[in-house]
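Participant: My structure is below; once you've seen it, I'll send some questions.
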Amino acid sequence: MKPNTREIIENIIKSLDEVVLPVVEDKQAASSLRSARTLLDHLARRVEGDADMLLADNADALVVFTTIASRFAGQKAASSIQAFLSTGGDESAQSIATLQVRNEAMQNVIDLALRGLPPAGAEGADEAAIRAELRAYLGRRLARERDMIFPAFLGTPF
Amino acid sequence: MDQARLESYLRTKMGEVRIERMIRSFPGFSRETWLVWFAGGDGVVVRVEPPGGGLVPTPFIREWQVYEALGRTSIPVARALWYDATPEPTDGRPLFVRKLVEGSTYLPGLQDDTAQAALRRRRVAEEHAEKLAMLHTLDWRAAGFGEFLTAPEAPKDALRHELKTWETIWHRVKTEPFPIVSEALGWFEAHLPKGGGAALSLCKGNNGIGEEIWLDDRIVAFSDWELASIGDPGGDWALSQGMLELWDRQKILRYYESITGFTLPQENFAYYRVWDIFKTVCALNAGLGAFLNGKNTVLARATLGFGKVKLFEHLLGQVLTMELDEAAEFVVKWRKNPYHDRRVSGG
């Protein structure tokens, strides 16, 4: 379909900028418009990249879970990791909504795993290796989502 | 808020008043602030808990308690009138009312590129230092603040107390897991300044231009106390939103120290610069909660609570591998104060 989703969003932004914003005098209303514009800018980027980002991120997290699972015996997050590994299948067969739910659940497990470790620098060798794996993954995750966040949210938020 | 409903409500408390004009202060996202002028020149400020709760995850009533307690001291603050937990004009959202103080949160012309403006910036910086000194040397125990604000045992515990307080808040209010922020909390623990705080003071939280009521370049009322705490006074300097850039930074601090008798550890400044990123993440993301559950549809809740939080999450992700000074410099390059080049209003 033409226009595609991104084109529609970009033209909504243009219309807000050129037609609506110049004539809105109320501060709160104008602020709402600026926020809407910022969120639309983010959506224009996200609509085309969200599925690929979630697919790649979930797949990456599953690989990391596999890598660290054997080192995690006895840790609080071990059972959650095993649960993900036992349900892991073809992520590409999932809807975006399902990918999002799984992604958040994975982040929760990673968060629990990190919070269960001793402080950085005070871990044993296995624990330090787990932290290094998880931090490396988190770095890759930030890189994956970067284009959806920058520069969309660098401007005025309100 | 509907003017007629508010006027009826105020009459039940204040007698025959007539609202001549009322505006909502902007941006005022943390808590609603309505400036109300009565026929005859007097006025009030109505502070209201936003739908779904405030942006800053501290109890609304605590801010009222701070105003009330400060009213019994010499600290310049608007006179607190009453607190109402279930008022009619806001459909039951709590509010409190204080007297309207003449002045503005904004100082027009302060950043002009003239010799007079430069001199004025110095005076404003000194005024701010004097008033902060006054606040930080207040006997907060005698003034009753220990009854509703938790306090560290001693100055050496102040920064850890702050860390643990906000860590607890964070895990209560966050809208998703944020493992990078969890790691950042470990980083803060590891980089806590060894010397602790300079003293135990009543601290305001965000302060300076954009927060206080200024008249003729004097602070006539400290305003907005949602972040009030008992802690290291150095923390307030870290949240002074550009006040240390108005004149020579070191001279401002030495002036403040000469009044208070405190010595502000330099290491703490570097720490607070980075710490402020976490506190901002915590507050903004807390505000997103009410957007996600549909109780608050203000779009800034999303741009701030999701968008800015994402930016800061990226920032914290990079800080994890840095030492304190490097992290502080890195963070400073990112932050800029919105109040010195933007028109804001308050009262």
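FYI, nothing fancy with the structure tokens labels: chains A, B, ... in order, residues from 1 per chain, ligands from 1 as they appear.
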Using only C-alpha atoms and a distance of at most 8 Å, pull out the residues of chain B that contact chain A, as a ChimeraX atom specification.
Facilitator: /B:26-27,176-180,182-183,186-187,190,298-300,302-304,307-308,310-311,314,317
Participant: Considering only C-alpha atoms, give me a table of residues in segment 218-324 of chain B that are at most 8 Å from segment 114-134 of chain B, with the closest atom pair and distance in Å for each, as JSON lines.
Facilitator:
{"residue": "B:Arg218", "atom": "CA", "partner": "B:Glu127", "partner_atom": "CA", "distance": 6.3}
{"residue": "B:Ile219", "atom": "CA", "partner": "B:His128", "partner_atom": "CA", "distance": 7.1}
{"residue": "B:Met243", "atom": "CA", "partner": "B:Ala125", "partner_atom": "CA", "distance": 6.2}
{"residue": "B:Leu244", "atom": "CA", "partner": "B:Ala125", "partner_atom": "CA", "distance": 7.2}
{"residue": "B:Leu246", "atom": "CA", "partner": "B:Arg121", "partner_atom": "CA", "distance": 5.4}
{"residue": "B:Trp247", "atom": "CA", "partner": "B:Arg122", "partner_atom": "CA", "distance": 5.2}
{"residue": "B:Ile252", "atom": "CA", "partner": "B:Glu126", "partner_atom": "CA", "distance": 6.6}
{"residue": "B:Leu253", "atom": "CA", "partner": "B:Ala129", "partner_atom": "CA", "distance": 7.7}
{"residue": "B:Tyr255", "atom": "CA", "partner": "B:Ala129", "partner_atom": "CA", "distance": 7.3}
{"residue": "B:Tyr256", "atom": "CA", "partner": "B:Ala129", "partner_atom": "CA", "distance": 5.4}
{"residue": "B:Ile259", "atom": "CA", "partner": "B:Ala133", "partner_atom": "CA", "distance": 6.5}
{"residue": "B:Thr260", "atom": "CA", "partner": "B:Ala133", "partner_atom": "CA", "distance": 5.7}
Participant: Report, in Å to a single decimal, how far apart atom CA of Glu147 of chain B and atom CA of Arg98 of chain B are.
Facilitator: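 Between atom CA of Arg98 of chain B and atom CA of Glu147 of chain B the gap is 21.6 Å.
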Participant: Go through A:Asp60, A:Asp90, A:Glu123, A:Asp41 one by one, measure the shortest atom-to-atom distance of each to Ala136 of chain A using only C-alpha atoms, and give the residue with the smallest value.
Facilitator: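 Between A:Asp60, A:Asp90, A:Glu123, A:Asp41, the residue approaching Ala136 of chain A most closely is A:Asp60.
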Participant: Would you compute the distance between atom CA of Glu153 of chain B and atom CA of Ser223 of chain B? Give it in Å to one decimal.
Facilitator: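 Computing the Euclidean distance for atom CA of Glu153 of chain B and atom CA of Ser223 of chain B yields 27.3 Å.
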Participant: Among chain A, which residues does DSSP mark as alpha helix (DSSP H) when it is run on the backbone? Keep the chain and numbering as in the structure and answer as a ChimeraX atom specification.
Facilitator: /A:5-15,27-69,78-87,96-116,125-149
Participant: Among segment 97-232 of chain B, which residues does DSSP mark as strand (DSSP E) when it is run on the backbone? Keep the chain and numbering as in the structure and answer as a ChimeraX atom specification.
Facilitator: /B:97-99,201-203,213-215,218-221,229-231
Participant: What does the file look like for those residues with all heavy atoms, as a compact mmCIF listing (two decimals), in the first residue's frame?
Facilitator:
# COMPACT_ATOMS: atom_id res chain seq x y z
N VAL B 97 -2.81 24.29 49.30
CA VAL B 97 -2.89 25.69 48.88
C VAL B 97 -1.89 26.51 49.67
O VAL B 97 -1.73 26.31 50.88
CB VAL B 97 -4.33 26.23 49.10
CG1 VAL B 97 -4.44 27.69 48.68
CG2 VAL B 97 -5.34 25.38 48.33
N ARG B 98 -1.20 27.38 48.96
CA ARG B 98 -0.28 28.29 49.62
C ARG B 98 -0.51 29.70 49.08
O ARG B 98 -1.12 29.87 48.02
CB ARG B 98 1.18 27.86 49.40
CG ARG B 98 1.61 27.81 47.94
CD ARG B 98 3.05 27.29 47.82
NE ARG B 98 3.64 27.59 46.53
CZ ARG B 98 3.91 26.69 45.59
NH1 ARG B 98 3.61 25.42 45.77
NH2 ARG B 98 4.46 27.05 44.45
N LYS B 99 -0.02 30.66 49.81
CA LYS B 99 -0.18 32.06 49.37
C LYS B 99 0.63 32.28 48.10
O LYS B 99 1.73 31.74 47.93
CB LYS B 99 0.31 33.03 50.45
CG LYS B 99 -0.55 33.06 51.70
CD LYS B 99 -1.84 33.83 51.48
CE LYS B 99 -1.61 35.34 51.46
NZ LYS B 99 -2.89 36.07 51.35
N SER B 201 21.93 18.07 56.24
CA SER B 201 21.12 19.28 56.09
C SER B 201 19.76 18.95 55.51
O SER B 201 19.57 17.89 54.91
CB SER B 201 21.82 20.24 55.11
OG SER B 201 23.09 20.60 55.56
N LEU B 202 18.84 19.89 55.69
CA LEU B 202 17.61 19.81 54.91
C LEU B 202 17.97 20.21 53.49
O LEU B 202 18.45 21.33 53.26
CB LEU B 202 16.55 20.77 55.47
CG LEU B 202 15.26 20.86 54.64
CD1 LEU B 202 14.55 19.50 54.56
CD2 LEU B 202 14.32 21.91 55.19
N CYS B 203 17.80 19.31 52.56
CA CYS B 203 18.14 19.57 51.16
C CYS B 203 16.86 19.72 50.36
O CYS B 203 15.85 19.08 50.65
CB CYS B 203 18.97 18.42 50.60
SG CYS B 203 20.56 18.24 51.42
N ILE B 213 11.06 31.32 43.50
CA ILE B 213 10.41 32.57 43.12
C ILE B 213 11.43 33.69 43.34
O ILE B 213 11.92 33.88 44.46
CB ILE B 213 9.14 32.84 43.95
CG1 ILE B 213 8.22 31.62 43.92
CG2 ILE B 213 8.41 34.07 43.41
CD1 ILE B 213 7.78 31.17 42.57
N TRP B 214 11.71 34.39 42.28
CA TRP B 214 12.69 35.47 42.30
C TRP B 214 11.98 36.80 42.12
O TRP B 214 11.03 36.91 41.35
CB TRP B 214 13.71 35.31 41.15
CG TRP B 214 14.54 34.06 41.21
CD1 TRP B 214 14.14 32.80 40.89
CD2 TRP B 214 15.91 33.96 41.62
NE1 TRP B 214 15.18 31.91 41.07
CE2 TRP B 214 16.28 32.60 41.50
CE3 TRP B 214 16.86 34.88 42.06
CZ2 TRP B 214 17.56 32.13 41.82
CZ3 TRP B 214 18.14 34.43 42.37
CH2 TRP B 214 18.47 33.07 42.25
N LEU B 215 12.46 37.80 42.84
CA LEU B 215 11.95 39.15 42.67
C LEU B 215 13.13 40.10 42.85
O LEU B 215 13.83 40.04 43.88
CB LEU B 215 10.86 39.45 43.71
CG LEU B 215 10.18 40.82 43.59
CD1 LEU B 215 9.37 40.92 42.30
CD2 LEU B 215 9.28 41.10 44.79
N ARG B 218 16.33 38.52 43.79
CA ARG B 218 16.41 37.89 45.12
C ARG B 218 15.45 36.69 45.17
O ARG B 218 14.37 36.75 44.59
CB ARG B 218 16.00 38.87 46.23
CG ARG B 218 16.90 40.10 46.33
CD ARG B 218 18.16 39.75 47.05
NE ARG B 218 19.05 40.92 47.19
CZ ARG B 218 20.29 40.85 47.61
NH1 ARG B 218 20.82 39.68 47.95
NH2 ARG B 218 21.03 41.93 47.72
N ILE B 219 15.86 35.66 45.89
CA ILE B 219 14.93 34.55 46.12
C ILE B 219 13.98 34.96 47.23
O ILE B 219 14.39 35.13 48.38
CB ILE B 219 15.69 33.26 46.51
CG1 ILE B 219 16.54 32.76 45.33
CG2 ILE B 219 14.70 32.17 46.95
CD1 ILE B 219 17.43 31.56 45.66
N VAL B 220 12.72 35.12 46.87
CA VAL B 220 11.73 35.51 47.89
C VAL B 220 10.96 34.30 48.40
O VAL B 220 10.29 34.38 49.43
CB VAL B 220 10.76 36.59 47.35
CG1 VAL B 220 11.48 37.92 47.18
CG2 VAL B 220 10.12 36.16 46.04
N ALA B 221 11.06 33.20 47.68
CA ALA B 221 10.42 31.96 48.17
C ALA B 221 11.05 30.76 47.47
O ALA B 221 11.08 30.70 46.25
CB ALA B 221 8.92 31.98 47.92
N SER B 229 14.81 16.30 51.24
CA SER B 229 15.37 15.15 51.99
C SER B 229 16.35 15.68 53.03
O SER B 229 16.75 16.85 52.99
CB SER B 229 16.08 14.20 51.03
OG SER B 229 17.23 14.83 50.48
N ILE B 230 16.73 14.79 53.92
CA ILE B 230 17.83 15.11 54.83
C ILE B 230 19.06 14.42 54.27
O ILE B 230 19.08 13.20 54.10
CB ILE B 230 17.56 14.59 56.25
CG1 ILE B 230 16.21 15.11 56.78
CG2 ILE B 230 18.71 14.98 57.19
CD1 ILE B 230 16.10 16.61 56.90
N GLY B 231 20.08 15.19 53.97
CA GLY B 231 21.26 14.57 53.37
C GLY B 231 22.42 15.53 53.23
O GLY B 231 22.47 16.58 53.90
Participant: Grab the atom CA of Leu227 of chain B to atom CA of Lys204 of chain B distance for me, in Å with one decimal place.
Facilitator: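 The value is 6.1 Å.
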